[in-house]
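Chemist: Next up is a structure, given as structure tokens.
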Amino acid sequence: MVIVGGGIGGLFAANALIAHGLQVSVYEQAPNLGEVGAGVFLTPNSVRQLQRVGLGPAVEKRGARVGTESRYFRHDGTPIAPVQVTDSSGWNATFGMHRADLVEMLAVTLPGEVVHTGHRCSGFEQTGDVARVSFANGAIVEGDIVIAADGIHSELQRFVTPPSRPVFHGSVAYRGVLAHRRIPHWPTDSWLMWLGKGKHFLTFPLRGGELINYVGFVPADQEMKESWSAPGDPDVLRAEFAGWDPRIGSLLSQVEATFRWALYDREPLPTWTQGRLTLLGDAAHPMLPHLGQGANQSIEDGMALATILAHANRNTSPAALLAYERLRRERVAQVQRGARENGLRYDSANSDLGVRDAEITAHAAFRRRLYDHDVVPEAKAAATALI
Ligand code: FAD
């Protein structure tokens, strides 16, 4: 099996497929894995799957658990409500993790010959029972199936369906990471979010609390490239949150460099699969970040796919890919819609702040349902139906 893209979705899928006894190769365009990025958020629905491939202890060691002191605040620091950090059983498996740490954690467990860096996919074709991927460096590889985990600007998506048009969301996120020693008063065990008109500000800890990840979401009327590495101006960021809770000002006074990331929204794709090619992670379902589910949903995808493919052979693989798509599409569309709605709440689109605060409080029930989800039992049922 061939996976294109060695990000979070591709590397987790490789771990899950190998855990199910399948053979896999991963092809990543970058010369090295995972050097770029800031914090990602892991929630119980994906940590459950990381545990299944033996990565539970590594998440505990390399992430930073966020606890019950996590809070939503009004922009001036008035508390609104606690943040839901557990599933319904009370299990707290909610972690902040540096993307580079997560990528490395997913890569080190793979056998040495699995990941091939420096391979930028540029073409795809399938004939009979063979799927073929070509790369800009001239290499061509074949497999019984190809999993496109090549992210938000997926090259392979066009071989499945016409791309869904990215719609500028009218906001940008300034994001970065500060060493905790620069802001020693900052809590190392809490996810904290401040909500104001058209803007919100978020922090959570990474790497056992050594680092604090911050993101400031602000309106923007000018479209810009959807990039994880475009530089932003720290003074502009400070000005955006001037007059908010003084704690934000004290954190931002320490920021020397920041990244600017334009937010785009997309409608769910009509299909993810074409014969022996299927999409996974952001290539299948890019979403706004307002539920922190991009990485988590890509991990759920990988476990669902591996569970189903473990019951397939070369002949039945295309049917298995369709079963994976059927299983995942409605769940992920719900999360995509939920992220869109939550963004409106976070940016206080409702001018009645009492209503906004009540919605934020009630939102805990949605998060509990999201976190309770275990993709494996339903994937097993879908696999059994194939046999
Ligand atoms: P990704 O994790 O984006 O992985 C896609 C991978 O495919 C990348 O490694 C990319 O280099 C590779 N790729 C793309 N095109 C090709 C090609 N043609 N051939 C071969 N390989 C290709 N999320 C956050 O919440 N916070 C962050 O700070 C953050 N930083 C990020 C930094 C970068 C550089 C990237 C690529 C993504 C970042 N994300 C971040 C997004 C987050 O990782 C994803 O939304 C989520 O994890 C879904 O994972 P994915 O595997 O689908 O996509």
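Just remember, in the structure tokens the first chain shown is A, the second B, etc., residues are 1-based per chain, and ligands are 1-based in the order shown.
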Name the residues of stretch 85-203 of chain A that come out as strand (DSSP E) in a backbone DSSP run; write them as a ChimeraX atom specification.
Modeler: /A:95-98,115-116,121-127,130-135,140-143,146-148,167-179,192-196,199-203
Chemist: For A:Trp91, work out the shell of residues within 10 Å, counting only C-alpha atoms and skipping chain neighbours fewer than 3 positions away, then give it as a PDB file with N, CA and C atoms, in the first residue's frame.
Modeler:
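Output contents, as saved in out.pdb:
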```pdb
ATOM      1  N   PRO A  44      -9.755  13.046  23.365  1.00  0.00           N
ATOM      2  CA  PRO A  44      -9.901  11.623  23.679  1.00  0.00           C
ATOM      3  C   PRO A  44     -10.248  10.735  22.481  1.00  0.00           C
ATOM      4  N   VAL A  85     -12.913  18.910  29.002  1.00  0.00           N
ATOM      5  CA  VAL A  85     -11.628  18.281  28.680  1.00  0.00           C
ATOM      6  C   VAL A  85     -11.674  16.753  28.807  1.00  0.00           C
ATOM      7  N   THR A  86     -12.847  16.208  29.151  1.00  0.00           N
ATOM      8  CA  THR A  86     -12.948  14.751  29.287  1.00  0.00           C
ATOM      9  C   THR A  86     -14.060  14.236  28.379  1.00  0.00           C
ATOM     10  N   ASP A  87     -14.081  12.906  28.199  1.00  0.00           N
ATOM     11  CA  ASP A  87     -15.262  12.325  27.563  1.00  0.00           C
ATOM     12  C   ASP A  87     -16.337  12.125  28.633  1.00  0.00           C
ATOM     13  N   SER A  88     -17.446  11.474  28.288  1.00  0.00           N
ATOM     14  CA  SER A  88     -18.556  11.342  29.250  1.00  0.00           C
ATOM     15  C   SER A  88     -18.191  10.507  30.461  1.00  0.00           C
ATOM     16  N   THR A  94      -6.803  14.836  26.997  1.00  0.00           N
ATOM     17  CA  THR A  94      -6.773  16.028  26.175  1.00  0.00           C
ATOM     18  C   THR A  94      -5.403  16.670  26.341  1.00  0.00           C
ATOM     19  N   TYR A 371     -15.979  13.520  21.791  1.00  0.00           N
ATOM     20  CA  TYR A 371     -14.854  12.819  22.433  1.00  0.00           C
ATOM     21  C   TYR A 371     -15.192  11.359  22.755  1.00  0.00           C
ATOM     22  N   ASP A 372     -16.502  11.062  22.940  1.00  0.00           N
ATOM     23  CA  ASP A 372     -16.905   9.679  23.255  1.00  0.00           C
ATOM     24  C   ASP A 372     -16.709   8.742  22.066  1.00  0.00           C
TER      25      ASP A 372
END
```
Chemist: Let me have all residues with an atom within 7 Å of ligand 1, counting only C-alpha atoms and all ligand atoms, laid out as a count of residues only.
Modeler: 41
Chemist: Among stretch 84-315 of chain A, which ones does DSSP place in alpha helix (DSSP H), written as a count of residues only?
Modeler: 40
Chemist: Please provide as a PyMOL selection string all residues within 12 Å of A:Pro57, with the sequence filter that same-chain residues fewer than 4 positions apart are discarded (counting only C-alpha atoms).
Modeler: chain A and resi 47-48+50-53+61-63+93+105
Chemist: Show me, as a compact mmCIF listing (two decimals) with C-alpha atoms, in the first residue's frame, the residues that have an atom within 9 Å of A:Ile212 when counting only C-alpha atoms, minus same-chain residues fewer than 5 positions from it.
Modeler:
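Written file, out-v2.txt:
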```
# COMPACT_ATOMS: atom_id res chain seq x y z
CA GLY A 39 0.63 23.50 18.62
CA GLY A 176 3.31 30.94 17.71
CA VAL A 177 4.97 29.33 20.68
CA LEU A 178 6.62 30.95 23.72
CA ALA A 179 9.03 29.32 26.16
CA HIS A 180 7.24 29.10 29.52
CA ILE A 183 5.93 33.92 31.04
CA TRP A 186 1.21 31.28 32.85
CA PRO A 187 -0.65 28.04 33.78
CA THR A 188 0.95 24.93 32.27
CA THR A 203 -3.53 29.44 24.65
CA PHE A 204 -2.63 25.89 25.63
CA PRO A 205 0.57 24.23 26.86
CA LEU A 206 2.89 21.94 24.87
CA ARG A 207 5.83 19.64 25.72
```
Chemist: Just checking: using only C-alpha atoms, which residue out of A:Glu142, A:Asp235, A:Glu223, A:Glu359 ends up closest to A:Val172?
Modeler: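 Nearest candidate to A:Val172 out of A:Glu142, A:Asp235, A:Glu223, A:Glu359: A:Glu223.
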Chemist: Mind checking which residues fall within 9 Å of A:Ile18, counting only C-alpha atoms, ignoring those fewer than 6 positions away in the same chain, and posting them as a short mmCIF file (atom, residue, chain, number, x, y, z; two decimals) with N, CA and C atoms, in the first residue's frame?
Modeler:
```cif
data_model
loop_
_atom_site.label_atom_id
_atom_site.label_comp_id
_atom_site.auth_asym_id
_atom_site.auth_seq_id
_atom_site.Cartn_x
_atom_site.Cartn_y
_atom_site.Cartn_z
N VAL A 24 3.27 -1.19 4.10
CA VAL A 24 2.97 0.16 3.62
C VAL A 24 4.26 0.94 3.39
N LEU A 110 7.99 3.72 13.16
CA LEU A 110 7.87 3.00 11.88
C LEU A 110 9.21 2.35 11.53
N ALA A 306 -7.50 1.34 8.38
CA ALA A 306 -6.69 0.16 8.68
C ALA A 306 -7.57 -1.00 9.14
#
```
Chemist: Write out as JSON, numbers by chain the residues lying within 12 Å of A:Phe217, counting only C-alpha atoms and excluding same-chain residues fewer than 2 positions away.
Modeler: {"A": [169, 170, 171, 172, 173, 174, 175, 193, 194, 195, 196, 197, 198, 199, 200, 201, 202, 203, 214, 215, 219, 220, 237, 240, 241, 259, 260, 261, 262, 263, 288, 289, 290, 343, 344, 346, 347]}
Chemist: In Å, with one decimal, what is the gap from atom CA of A:Phe12 to atom CA of A:Leu102?
Modeler: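 The value is 9.8 Å.
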Chemist: Rounded to one decimal place, report the atom CA of A:Arg329-atom CA of A:Leu42 distance in Å.
Modeler: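 Value for the atom CA of A:Arg329-atom CA of A:Leu42 distance: 20.5 Å.
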